[in-house]
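Data block below; observations after.
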Amino acid sequence: MSDNVLPGTTPASSRGVALAARGVTKRFPGVLANADVDFELLQGEVHTLLGENGAGKSTLAAMLCGLYQPDEGQIYRSGKPIRLRSPREGLAHGIGMVHQHFRLIPRFTVAENVILGDPKQSLLMKPGEAERRVGEISERFGLPLDPRAVVSDLTVGQRQRVEIVKVLYRGADVLLLDEPTAVLTPQEAETLFATVRSMTSEGKAVVFISHKLGEVMAVSDRVTVMRAGRVTGEVATKDTSARNLAELMVGRPVEQTVRRGTGQTSATPYLEAHAVRLADAGRNVLDDVTLSVHGGEIVGIAGVAGNGQRELATTLAGITAPTSGSVRVGGVDIGGKGAKAARHAGLTFVPEDRLGTGLVPGLSLTDNMLLTRRRSFFVNRRAARAELAEAIERFEIKAPGTEAEARVLSGGNAQKVLLAREVSDAAKDGDVRALIVSSPTRGLDIGAAEFVRELLHQVRVDGGAVLVISEDLDEVRSLADRIVVLYRGQIVLSGASEELTVEQIGMAMAGVKE
Amino acid sequence: MNNSAFVLMLAASMVAATPIALAALGELLAERSGVLNLGVEGMMLIGAVVAFQTGTKTGNLWVALLVGSLAGAALSAVHAVLTITLRASQIVTGLSLTIFGTGLATFVGKSIEGMPLAVDFRPTPWGPLADLPVIGPVLFKQDPIVYATIVLGFVIAFYLRRTRTGLSLRSVGESPATADSMGIPVALFRYIHVLLGGLLAGAAGAYLVLGQVPSWSQESTTGGLGWIALALVVFASWQPVRLLLGAFLFGFSRQLNFFLQGQGVAVPAELLSMLPYLLTIIVLVVWGSRDLRRRVGAPDALGIAYVRDER
């Protein structure tokens, strides 16, 4: 670790400490989520909590806002020790959290959502007054909103604004934003950063939780880096670089490995979708989607969550029947014919929901392996066990044994088992090999994520066709030969990875037409 | 003309609608908090038999009504503890509540089966208003419980729509996680409204013996009214005022049967006794599809236990 990133290099200026945690420890069954964590937030600053998934950022934030109570250690508000037993008490101390998963009620209006649970509201509600106050706040901090709009009609970006208005309405001057940009397009994120700046200029302090280095550098004054539940460094943004932060975050230098195919692709596509449309409740979830994946290439689907990715995955996998259009694997029509037909044609599918859709949590790993090895009436448990044992060794899967229940595996190990099952030769059924993977590395630590990407790359090099559906744009860009952007169920942009800029993709993800 | 069979039938429809409306309003409150209680039938039976016993012993209508209501609430407390605190399946618990309530009521009511009750709620005419054609007997010559029920429907509508507590209640039924994060005590809200639901179901049962037919019979006292009340909540899209209208329609349809018999038109009694169960099937069909549930306006978290500390 280099010398310039020692904790405490930023002198605490004349500004007061708004919120602090000293020696905070939090345990969950089997997990030490936070170990002896120190954290300090100054008035008027943006302080980022940086760390990988599972590093303990959200747990710390949850303790700062009163959602969890620390097992050891103490939280201080403006220098005074406080004990928060609920988010309500946190709000009473002016600390408000904007959750990653919105806590909004779709059927309520913006104003109703904002005043919900406000003890200062009179017993008989005055809707007009609430709407006026919500309008005031949204104007003051650059959060355009119609107080009377029903939340279910709002976009994700607008819903996030409602969340922010909610805590501001309660008079919070410490805001904790938990991965606020995860659901936003790059442009929406810019708007959010502007709001954050207007809040700090009024003296409010913001804790920004993120694992995206670029935006951390752009938006924050100071950064506290966490790894495996511990603080590994606290630095001022101006004294550091994204590279330094990445080192602190993962504990070793990382290279963003770019992997590309050999350029040799099969003559005919292995996986094809032609004019696929999928209607749900009168709305087209997928609209005229045409794409093809040849053997020897990876095609990446980029897009903000909820723009049809999930439906695209299940439709292409033959599970969901398209309303119109066709899906072919190796020339065989599999549209809506079910997973078995798709598998028989040569397609395997690694769903986003690993423990649940991908693996059966209550079955042993061997039995899970057997699920896609059914060519005869009797199961060959011995062969499956041998295959699994080999995979455990080759993929460095941390599992208590071949007969352990799938549910005990961590996300990364579950994903490895799943991939081992789907990419091994034993899984090959048809003449071609096509693989669809949804969110291949979500929730995985960097080591496991790299492993998974390398594995997908190998499938490509071995001549397989791979479709990667991921909300992580960096991942899509580092892995795919071609990128397709999905927006509201339509393909709005597609092209070779090398030829598309981040800006182009970002605009397309936001639905902006050039 | 106020003594014509049709007007009498309309007036009787109001009386027939009252227990359905009372029980359904209670169930509406519980469901708005996110707790489905299929035990309405059981709670009504307990309310009825306890009210009958109390009425016989004390001779006081109001005491009988109160004790009957409390008996319903006591039974719903079992449901509350099991589903809210212990997070048992609401459907299974509710069904067992009905089975338990029916069994207990039959046991307790064995000695009074077929006995008449000396006291009952009597219609109170509103002076000259009661003599108005048609609407006189229908609206101005009813017993106090009929009026109280109508008022209650509007009070609940106002409570849901215009009060801070009502907003909190709706949020608990829609998204308990959101409500919790806004500092609303989810479990407390659910307990209170499940208990209110039981109280009203008990009152509905009590009214059956105190206001409608002053005798106790396990077979016919409720006759599936609890199930109709459950269905009514769904058909009214969880809206109290719509529920009052729906209750009147159900009451009317029950009276229509007697009316038609009087006119010499024979409607098989089996059809009528089938009704609650047919309706229940329709409700369960709606219940089975989340999409359909959402479209008819069911609280989003209805039937789902709330657990806070999910990581």
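So you can find residues: chains in the structure tokens are A, B, ... in the order shown, residues in each start at 1, and ligands are numbered from 1 in order.
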Pull the closest atom pair for each residue of chain A that gets at most 8 Å from chain B, along with the distance in Å to one decimal, counting only C-alpha atoms, ordering rows by chain and then ascending residue number, as a tab-separated table.
```
residue	atom	partner	partner_atom	distance
A:Leu67	CA	B:Ser181	CA	7.9
A:Ser86	CA	B:Gly183	CA	7.2
A:Pro87	CA	B:Ser181	CA	5.9
A:Arg88	CA	B:Gly183	CA	4.6
A:Arg103	CA	B:Thr178	CA	4.6
A:Leu104	CA	B:Thr178	CA	6.1
A:Ile105	CA	B:Ser175	CA	6.3
A:Glu112	CA	B:Leu167	CA	7.8
A:Leu116	CA	B:Ser168	CA	6.4
A:Gly117	CA	B:Met182	CA	5.5
A:Asp118	CA	B:Met182	CA	7.7
A:Gln121	CA	B:Arg164	CA	7.0
A:Ser122	CA	B:Arg164	CA	7.0
A:Leu123	CA	B:Arg164	CA	5.1
A:Leu124	CA	B:Thr163	CA	4.5
A:Met125	CA	B:Thr163	CA	5.3
```
Expected file: the selected residues, C-alpha atoms, as a short mmCIF file (atom, residue, chain, number, x, y, z; two decimals), in the first residue's frame:
```cif
data_model
loop_
_atom_site.label_atom_id
_atom_site.label_comp_id
_atom_site.auth_asym_id
_atom_site.auth_seq_id
_atom_site.Cartn_x
_atom_site.Cartn_y
_atom_site.Cartn_z
CA LEU A 67 -31.94 0.85 10.67
CA SER A 86 -35.06 3.10 14.38
CA PRO A 87 -34.91 5.13 11.16
CA ARG A 88 -37.50 7.37 12.77
CA ARG A 103 -39.19 2.70 -0.26
CA LEU A 104 -42.13 4.21 -2.07
CA ILE A 105 -45.76 3.24 -2.34
CA GLU A 112 -48.63 11.32 0.12
CA LEU A 116 -46.20 9.46 5.18
CA GLY A 117 -45.46 8.86 8.84
CA ASP A 118 -44.68 12.51 9.50
CA GLN A 121 -48.87 16.27 10.21
CA SER A 122 -52.18 17.03 11.87
CA LEU A 123 -54.49 14.08 12.32
CA LEU A 124 -56.71 15.45 9.58
CA MET A 125 -54.53 15.75 6.54
#
```
Would you mind writing down, as a compact mmCIF listing (two decimals) with all heavy atoms, in the first residue's frame, each residue of segment 186-317 of chain A that DSSP on the backbone assigns to strand (DSSP E)?
```
# COMPACT_ATOMS: atom_id res chain seq x y z
N ALA A 205 -24.71 17.65 4.67
CA ALA A 205 -23.62 16.70 4.45
C ALA A 205 -24.18 15.45 3.80
O ALA A 205 -25.29 15.02 4.12
CB ALA A 205 -22.95 16.35 5.77
N VAL A 206 -23.43 14.89 2.87
CA VAL A 206 -23.93 13.75 2.11
C VAL A 206 -22.95 12.58 2.20
O VAL A 206 -21.75 12.74 1.98
CB VAL A 206 -24.14 14.13 0.62
CG1 VAL A 206 -24.58 12.91 -0.18
CG2 VAL A 206 -25.17 15.25 0.49
N VAL A 207 -23.48 11.42 2.58
CA VAL A 207 -22.70 10.19 2.49
C VAL A 207 -23.13 9.49 1.21
O VAL A 207 -24.30 9.22 1.00
CB VAL A 207 -22.95 9.27 3.70
CG1 VAL A 207 -22.16 7.97 3.54
CG2 VAL A 207 -22.57 9.96 4.99
N PHE A 208 -22.15 9.24 0.36
CA PHE A 208 -22.43 8.71 -0.95
C PHE A 208 -21.83 7.31 -1.00
O PHE A 208 -20.63 7.13 -0.78
CB PHE A 208 -21.75 9.64 -1.96
CG PHE A 208 -22.02 9.34 -3.39
CD1 PHE A 208 -23.19 9.76 -4.00
CD2 PHE A 208 -21.07 8.68 -4.15
CE1 PHE A 208 -23.42 9.50 -5.33
CE2 PHE A 208 -21.30 8.42 -5.50
CZ PHE A 208 -22.48 8.84 -6.08
N ILE A 209 -22.69 6.32 -1.23
CA ILE A 209 -22.20 4.95 -1.21
C ILE A 209 -22.09 4.45 -2.64
O ILE A 209 -23.04 4.56 -3.41
CB ILE A 209 -23.15 4.05 -0.41
CG1 ILE A 209 -23.24 4.58 1.02
CG2 ILE A 209 -22.68 2.60 -0.42
CD1 ILE A 209 -24.36 4.01 1.80
N SER A 210 -20.93 3.94 -3.00
CA SER A 210 -20.74 3.57 -4.39
C SER A 210 -19.60 2.59 -4.54
O SER A 210 -18.76 2.44 -3.66
CB SER A 210 -20.44 4.82 -5.21
OG SER A 210 -20.22 4.47 -6.57
N ARG A 222 -14.22 13.62 0.10
CA ARG A 222 -13.37 12.63 0.74
C ARG A 222 -13.94 11.24 0.51
O ARG A 222 -15.12 11.08 0.23
CB ARG A 222 -13.29 12.90 2.25
CG ARG A 222 -12.40 14.10 2.57
CD ARG A 222 -12.02 14.09 4.03
NE ARG A 222 -13.20 14.18 4.90
CZ ARG A 222 -13.18 13.81 6.18
NH1 ARG A 222 -12.08 13.32 6.71
NH2 ARG A 222 -14.26 13.93 6.91
N VAL A 223 -13.08 10.25 0.66
CA VAL A 223 -13.49 8.87 0.44
C VAL A 223 -13.01 8.01 1.60
O VAL A 223 -11.86 8.11 2.01
CB VAL A 223 -12.88 8.32 -0.87
CG1 VAL A 223 -13.36 6.90 -1.13
CG2 VAL A 223 -13.21 9.22 -2.05
N THR A 224 -13.92 7.20 2.13
CA THR A 224 -13.51 6.17 3.08
C THR A 224 -13.68 4.84 2.37
O THR A 224 -14.76 4.53 1.86
CB THR A 224 -14.37 6.21 4.36
OG1 THR A 224 -14.02 7.41 5.08
CG2 THR A 224 -14.10 5.00 5.24
N VAL A 225 -12.60 4.08 2.30
CA VAL A 225 -12.64 2.83 1.55
C VAL A 225 -12.80 1.67 2.51
O VAL A 225 -12.15 1.61 3.56
CB VAL A 225 -11.35 2.64 0.72
CG1 VAL A 225 -11.50 1.45 -0.22
CG2 VAL A 225 -11.03 3.89 -0.06
N MET A 226 -13.69 0.76 2.17
CA MET A 226 -13.93 -0.41 3.02
C MET A 226 -13.64 -1.68 2.25
O MET A 226 -13.84 -1.76 1.04
CB MET A 226 -15.37 -0.44 3.52
CG MET A 226 -15.71 0.68 4.47
SD MET A 226 -17.36 0.50 5.17
CE MET A 226 -17.07 -0.84 6.32
N ARG A 227 -13.15 -2.67 2.99
CA ARG A 227 -12.97 -3.98 2.39
C ARG A 227 -13.23 -5.02 3.46
O ARG A 227 -12.68 -4.93 4.56
CB ARG A 227 -11.55 -4.13 1.85
CG ARG A 227 -11.33 -5.48 1.17
CD ARG A 227 -10.02 -5.54 0.44
NE ARG A 227 -8.89 -5.67 1.33
CZ ARG A 227 -7.79 -4.93 1.28
NH1 ARG A 227 -7.68 -3.98 0.38
NH2 ARG A 227 -6.81 -5.12 2.12
N ARG A 230 -13.91 -3.85 6.99
CA ARG A 230 -12.97 -2.96 7.66
C ARG A 230 -12.67 -1.74 6.81
O ARG A 230 -12.76 -1.78 5.58
CB ARG A 230 -11.64 -3.69 7.92
CG ARG A 230 -11.75 -4.71 9.00
CD ARG A 230 -10.52 -5.58 9.06
NE ARG A 230 -10.83 -6.82 9.75
CZ ARG A 230 -10.90 -6.93 11.08
NH1 ARG A 230 -10.64 -5.90 11.84
NH2 ARG A 230 -11.23 -8.08 11.63
N VAL A 231 -12.28 -0.65 7.48
CA VAL A 231 -11.86 0.53 6.75
C VAL A 231 -10.40 0.33 6.33
O VAL A 231 -9.54 0.03 7.15
CB VAL A 231 -12.00 1.79 7.62
CG1 VAL A 231 -11.36 2.98 6.94
CG2 VAL A 231 -13.47 2.06 7.90
N THR A 232 -10.14 0.48 5.03
CA THR A 232 -8.76 0.30 4.57
C THR A 232 -8.09 1.62 4.23
O THR A 232 -6.93 1.65 3.89
CB THR A 232 -8.69 -0.63 3.35
OG1 THR A 232 -9.56 -0.10 2.33
CG2 THR A 232 -9.14 -2.03 3.69
N GLY A 233 -8.83 2.72 4.31
CA GLY A 233 -8.20 3.99 4.07
C GLY A 233 -9.21 5.11 4.02
O GLY A 233 -10.39 4.90 3.74
N GLU A 234 -8.72 6.34 4.36
CA GLU A 234 -9.57 7.51 4.23
C GLU A 234 -8.74 8.58 3.56
O GLU A 234 -7.66 8.92 4.05
CB GLU A 234 -10.04 7.98 5.60
CG GLU A 234 -11.15 9.01 5.52
CD GLU A 234 -11.15 9.95 6.72
OE1 GLU A 234 -10.20 10.76 6.84
OE2 GLU A 234 -12.08 9.87 7.52
N VAL A 235 -9.19 9.06 2.40
CA VAL A 235 -8.37 9.99 1.63
C VAL A 235 -9.23 11.15 1.11
O VAL A 235 -10.44 11.01 0.96
CB VAL A 235 -7.72 9.31 0.41
CG1 VAL A 235 -6.67 8.31 0.84
CG2 VAL A 235 -8.77 8.64 -0.46
N ALA A 236 -8.56 12.27 0.85
CA ALA A 236 -9.23 13.37 0.17
C ALA A 236 -9.16 13.09 -1.33
O ALA A 236 -8.14 12.63 -1.83
CB ALA A 236 -8.53 14.69 0.48
N PRO A 269 -25.60 -17.88 -37.87
CA PRO A 269 -25.76 -17.57 -36.45
C PRO A 269 -26.23 -18.79 -35.66
O PRO A 269 -26.97 -19.62 -36.19
CB PRO A 269 -26.83 -16.47 -36.44
CG PRO A 269 -27.51 -16.55 -37.75
CD PRO A 269 -26.55 -17.14 -38.73
N TYR A 270 -25.74 -18.91 -34.42
CA TYR A 270 -26.20 -19.99 -33.55
C TYR A 270 -27.50 -19.60 -32.84
O TYR A 270 -28.35 -20.42 -32.61
CB TYR A 270 -25.12 -20.31 -32.50
CG TYR A 270 -23.93 -21.07 -33.04
CD1 TYR A 270 -23.84 -21.40 -34.40
CD2 TYR A 270 -22.91 -21.46 -32.19
CE1 TYR A 270 -22.75 -22.10 -34.87
CE2 TYR A 270 -21.82 -22.17 -32.66
CZ TYR A 270 -21.74 -22.48 -34.02
OH TYR A 270 -20.67 -23.17 -34.48
N LEU A 271 -27.56 -18.34 -32.49
CA LEU A 271 -28.75 -17.86 -31.78
C LEU A 271 -29.31 -16.68 -32.55
O LEU A 271 -28.59 -15.74 -32.88
CB LEU A 271 -28.38 -17.43 -30.35
CG LEU A 271 -29.46 -16.77 -29.50
CD1 LEU A 271 -30.61 -17.72 -29.24
CD2 LEU A 271 -28.88 -16.29 -28.18
N GLU A 272 -30.60 -16.76 -32.87
CA GLU A 272 -31.21 -15.72 -33.70
C GLU A 272 -32.56 -15.33 -33.11
O GLU A 272 -33.35 -16.20 -32.75
CB GLU A 272 -31.55 -16.29 -35.07
CG GLU A 272 -30.50 -16.27 -36.12
CD GLU A 272 -31.07 -16.95 -37.35
OE1 GLU A 272 -31.16 -18.19 -37.36
OE2 GLU A 272 -31.45 -16.22 -38.27
N ALA A 273 -32.82 -14.04 -33.09
CA ALA A 273 -34.16 -13.56 -32.77
C ALA A 273 -34.60 -12.71 -33.94
O ALA A 273 -33.84 -11.87 -34.42
CB ALA A 273 -34.15 -12.73 -31.50
N HIS A 274 -35.81 -12.99 -34.42
CA HIS A 274 -36.29 -12.21 -35.55
C HIS A 274 -37.61 -11.53 -35.21
O HIS A 274 -38.60 -12.21 -34.94
CB HIS A 274 -36.44 -13.10 -36.79
CG HIS A 274 -36.89 -12.33 -38.00
ND1 HIS A 274 -36.07 -11.43 -38.65
CD2 HIS A 274 -38.07 -12.29 -38.65
CE1 HIS A 274 -36.73 -10.88 -39.66
NE2 HIS A 274 -37.95 -11.37 -39.68
N ALA A 275 -37.59 -10.20 -35.24
CA ALA A 275 -38.80 -9.39 -35.01
C ALA A 275 -39.59 -9.87 -33.80
O ALA A 275 -40.80 -10.00 -33.84
CB ALA A 275 -39.69 -9.39 -36.25
N VAL A 276 -38.89 -10.12 -32.71
CA VAL A 276 -39.56 -10.63 -31.51
C VAL A 276 -40.31 -9.51 -30.79
O VAL A 276 -39.76 -8.45 -30.52
CB VAL A 276 -38.53 -11.28 -30.55
CG1 VAL A 276 -39.15 -11.48 -29.18
CG2 VAL A 276 -38.05 -12.59 -31.11
N ARG A 277 -41.58 -9.77 -30.55
CA ARG A 277 -42.39 -8.83 -29.80
C ARG A 277 -43.02 -9.60 -28.64
O ARG A 277 -43.42 -10.75 -28.80
CB ARG A 277 -43.49 -8.28 -30.71
CG ARG A 277 -44.26 -7.11 -30.12
CD ARG A 277 -45.16 -6.49 -31.18
NE ARG A 277 -46.25 -7.39 -31.53
CZ ARG A 277 -47.35 -7.54 -30.81
NH1 ARG A 277 -47.53 -6.85 -29.72
NH2 ARG A 277 -48.29 -8.39 -31.18
N LEU A 278 -43.04 -8.97 -27.49
CA LEU A 278 -43.65 -9.60 -26.32
C LEU A 278 -44.56 -8.58 -25.66
O LEU A 278 -44.10 -7.52 -25.24
CB LEU A 278 -42.57 -10.08 -25.34
CG LEU A 278 -43.06 -10.78 -24.09
CD1 LEU A 278 -43.67 -12.13 -24.43
CD2 LEU A 278 -41.93 -10.98 -23.10
N ALA A 279 -45.85 -8.91 -25.62
CA ALA A 279 -46.80 -7.97 -25.03
C ALA A 279 -47.17 -8.45 -23.64
O ALA A 279 -47.34 -9.65 -23.41
CB ALA A 279 -48.04 -7.86 -25.90
N ASP A 280 -47.25 -7.50 -22.71
CA ASP A 280 -47.66 -7.84 -21.36
C ASP A 280 -48.58 -6.73 -20.86
O ASP A 280 -48.19 -5.57 -20.83
CB ASP A 280 -46.44 -7.98 -20.45
CG ASP A 280 -46.84 -8.33 -19.04
OD1 ASP A 280 -47.81 -9.09 -18.89
OD2 ASP A 280 -46.20 -7.84 -18.11
N ARG A 283 -48.88 -3.75 -23.14
CA ARG A 283 -47.70 -2.96 -23.39
C ARG A 283 -46.65 -3.87 -24.01
O ARG A 283 -46.55 -5.04 -23.66
CB ARG A 283 -47.18 -2.44 -22.04
CG ARG A 283 -46.25 -1.28 -22.09
CD ARG A 283 -46.02 -0.80 -20.65
NE ARG A 283 -45.37 -1.82 -19.85
CZ ARG A 283 -44.03 -1.91 -19.74
NH1 ARG A 283 -43.24 -1.05 -20.34
NH2 ARG A 283 -43.49 -2.84 -19.00
N ASN A 284 -45.88 -3.35 -24.95
CA ASN A 284 -44.84 -4.17 -25.53
C ASN A 284 -43.59 -4.13 -24.64
O ASN A 284 -42.92 -3.11 -24.55
CB ASN A 284 -44.47 -3.67 -26.93
CG ASN A 284 -45.48 -4.15 -27.95
OD1 ASN A 284 -46.19 -5.13 -27.72
ND2 ASN A 284 -45.56 -3.46 -29.07
N VAL A 285 -43.32 -5.25 -23.99
CA VAL A 285 -42.12 -5.32 -23.16
C VAL A 285 -40.90 -5.50 -24.05
O VAL A 285 -39.82 -5.00 -23.77
CB VAL A 285 -42.23 -6.50 -22.17
CG1 VAL A 285 -41.16 -6.39 -21.12
CG2 VAL A 285 -43.60 -6.52 -21.54
N LEU A 286 -41.12 -6.25 -25.14
CA LEU A 286 -40.10 -6.36 -26.17
C LEU A 286 -40.76 -5.94 -27.47
O LEU A 286 -41.89 -6.33 -27.75
CB LEU A 286 -39.58 -7.80 -26.28
CG LEU A 286 -38.79 -8.34 -25.10
CD1 LEU A 286 -38.47 -9.80 -25.32
CD2 LEU A 286 -37.53 -7.54 -24.87
N ASP A 287 -40.07 -5.14 -28.25
CA ASP A 287 -40.70 -4.59 -29.43
C ASP A 287 -39.76 -4.73 -30.63
O ASP A 287 -38.74 -4.07 -30.69
CB ASP A 287 -41.03 -3.11 -29.16
CG ASP A 287 -41.98 -2.55 -30.20
OD1 ASP A 287 -42.36 -3.30 -31.12
OD2 ASP A 287 -42.31 -1.36 -30.09
N ASP A 288 -40.11 -5.63 -31.51
CA ASP A 288 -39.38 -5.79 -32.77
C ASP A 288 -37.87 -5.99 -32.53
O ASP A 288 -37.05 -5.31 -33.12
CB ASP A 288 -39.62 -4.58 -33.67
CG ASP A 288 -39.23 -4.87 -35.11
OD1 ASP A 288 -39.20 -6.06 -35.48
OD2 ASP A 288 -38.95 -3.91 -35.85
N VAL A 289 -37.54 -6.94 -31.68
CA VAL A 289 -36.13 -7.19 -31.40
C VAL A 289 -35.58 -8.22 -32.38
O VAL A 289 -36.08 -9.34 -32.48
CB VAL A 289 -35.94 -7.72 -29.96
CG1 VAL A 289 -34.51 -8.16 -29.73
CG2 VAL A 289 -36.34 -6.64 -28.96
N THR A 290 -34.60 -7.79 -33.14
CA THR A 290 -33.93 -8.70 -34.08
C THR A 290 -32.45 -8.68 -33.75
O THR A 290 -31.83 -7.61 -33.74
CB THR A 290 -34.16 -8.24 -35.53
OG1 THR A 290 -35.56 -8.28 -35.79
CG2 THR A 290 -33.42 -9.15 -36.50
N LEU A 291 -31.90 -9.84 -33.45
CA LEU A 291 -30.46 -9.90 -33.21
C LEU A 291 -29.97 -11.30 -33.47
O LEU A 291 -30.75 -12.26 -33.50
CB LEU A 291 -30.11 -9.43 -31.79
CG LEU A 291 -30.64 -10.15 -30.58
CD1 LEU A 291 -29.78 -11.37 -30.22
CD2 LEU A 291 -30.64 -9.22 -29.38
N SER A 292 -28.68 -11.42 -33.69
CA SER A 292 -28.12 -12.75 -33.91
C SER A 292 -26.76 -12.84 -33.24
O SER A 292 -26.04 -11.85 -33.12
CB SER A 292 -28.00 -13.02 -35.40
OG SER A 292 -27.13 -12.06 -35.98
N VAL A 293 -26.43 -14.02 -32.76
CA VAL A 293 -25.13 -14.27 -32.15
C VAL A 293 -24.51 -15.46 -32.88
O VAL A 293 -25.11 -16.53 -32.97
CB VAL A 293 -25.26 -14.59 -30.65
CG1 VAL A 293 -23.89 -14.58 -30.00
CG2 VAL A 293 -26.19 -13.61 -29.95
N HIS A 294 -23.33 -15.23 -33.44
CA HIS A 294 -22.64 -16.29 -34.15
C HIS A 294 -21.71 -17.04 -33.20
O HIS A 294 -21.30 -16.51 -32.17
CB HIS A 294 -21.81 -15.71 -35.31
CG HIS A 294 -22.66 -15.16 -36.41
ND1 HIS A 294 -23.39 -14.00 -36.28
CD2 HIS A 294 -22.89 -15.61 -37.66
CE1 HIS A 294 -24.05 -13.77 -37.40
NE2 HIS A 294 -23.75 -14.73 -38.27
N ILE A 298 -19.08 -12.87 -28.56
CA ILE A 298 -19.93 -12.51 -27.43
C ILE A 298 -20.68 -11.25 -27.80
O ILE A 298 -20.07 -10.27 -28.24
CB ILE A 298 -19.10 -12.27 -26.15
CG1 ILE A 298 -18.43 -13.57 -25.68
CG2 ILE A 298 -19.99 -11.71 -25.03
CD1 ILE A 298 -17.64 -13.43 -24.38
N VAL A 299 -22.00 -11.30 -27.66
CA VAL A 299 -22.80 -10.10 -27.86
C VAL A 299 -23.27 -9.66 -26.49
O VAL A 299 -23.74 -10.48 -25.69
CB VAL A 299 -23.99 -10.37 -28.80
CG1 VAL A 299 -24.94 -9.18 -28.84
CG2 VAL A 299 -23.51 -10.71 -30.20
N GLY A 300 -23.11 -8.38 -26.19
CA GLY A 300 -23.51 -7.86 -24.89
C GLY A 300 -24.77 -7.02 -25.01
O GLY A 300 -24.87 -6.19 -25.90
N ILE A 301 -25.73 -7.25 -24.11
CA ILE A 301 -26.93 -6.42 -24.07
C ILE A 301 -26.74 -5.42 -22.93
O ILE A 301 -26.63 -5.81 -21.76
CB ILE A 301 -28.19 -7.26 -23.78
CG1 ILE A 301 -28.35 -8.42 -24.77
CG2 ILE A 301 -29.43 -6.38 -23.75
CD1 ILE A 301 -28.89 -8.05 -26.10
N ALA A 302 -26.70 -4.14 -23.27
CA ALA A 302 -26.57 -3.11 -22.25
C ALA A 302 -27.91 -2.41 -22.09
O ALA A 302 -28.75 -2.45 -22.99
CB ALA A 302 -25.50 -2.10 -22.64
```
Inset, instruction - For Val296 of chain B, please output as JSON, numbers by chain all residues within 10 Å (counting only C-alpha atoms; exclusion window: fewer than 2 positions along the same chain). - result: {"B": [234, 235, 236, 237, 238, 286, 291, 292, 293, 294, 298, 299]}
Atom CA of Ile334 of chain A and atom CA of Arg433 of chain A are how many Å apart?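 Atom CA of Ile334 of chain A sits 14.3 Å away from atom CA of Arg433 of chain A.
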- Task: Write out as a VMD selection string which residues come within 9 Å of Trp126 of chain B when counting only C-alpha atoms, dropping same-chain ones fewer than 5 positions away.
- Result: chain B and resid 131 136 140 to 142
Convert the current residue selection to file output with N, CA, C and O atoms, as a compact mmCIF listing (two decimals), in the first residue's frame.
```
# COMPACT_ATOMS: atom_id res chain seq x y z
N ASP B 131 -93.51 7.55 7.84
CA ASP B 131 -94.73 7.31 7.07
C ASP B 131 -94.58 7.71 5.62
O ASP B 131 -95.51 7.57 4.83
N GLY B 136 -89.89 5.78 3.67
CA GLY B 136 -90.19 5.78 5.11
C GLY B 136 -89.78 4.47 5.76
O GLY B 136 -88.89 4.44 6.61
N PHE B 140 -86.36 5.13 7.44
CA PHE B 140 -86.66 5.81 8.70
C PHE B 140 -87.39 4.93 9.70
O PHE B 140 -88.00 5.40 10.63
N LYS B 141 -87.32 3.64 9.46
CA LYS B 141 -87.95 2.75 10.43
C LYS B 141 -87.09 1.51 10.58
O LYS B 141 -87.48 0.41 10.24
N GLN B 142 -85.86 1.75 11.00
CA GLN B 142 -84.92 0.65 11.18
C GLN B 142 -84.41 0.67 12.61
O GLN B 142 -84.60 1.65 13.35
```
message = as a PyMOL selection string, please: the residues near Arg107 of chain A (cut-off 7 Å, only C-alpha atoms, same-chain neighbours under 3 positions excluded).
response = chain A and resi 150-152
| request: Give me every helix (DSSP H, G or I) residue in segment 40-277 of chain B, going by DSSP on the backbone, as a PyMOL selection string. | output: chain B and resi 40-58+61-85+90-108+110-112+127-131+135-139+144-162+164-174+176-181+186-212+225-235+240-262+269-277
Practice prompt. Considering only C-alpha atoms, return as a PyMOL selection string whatever protein or nucleic-acid residues lie within 10 Å of Leu500 of chain A, sequence-local ones (same chain, fewer than 5 positions apart) excluded.
Written response: chain A and resi 477+482-483+493-495+505
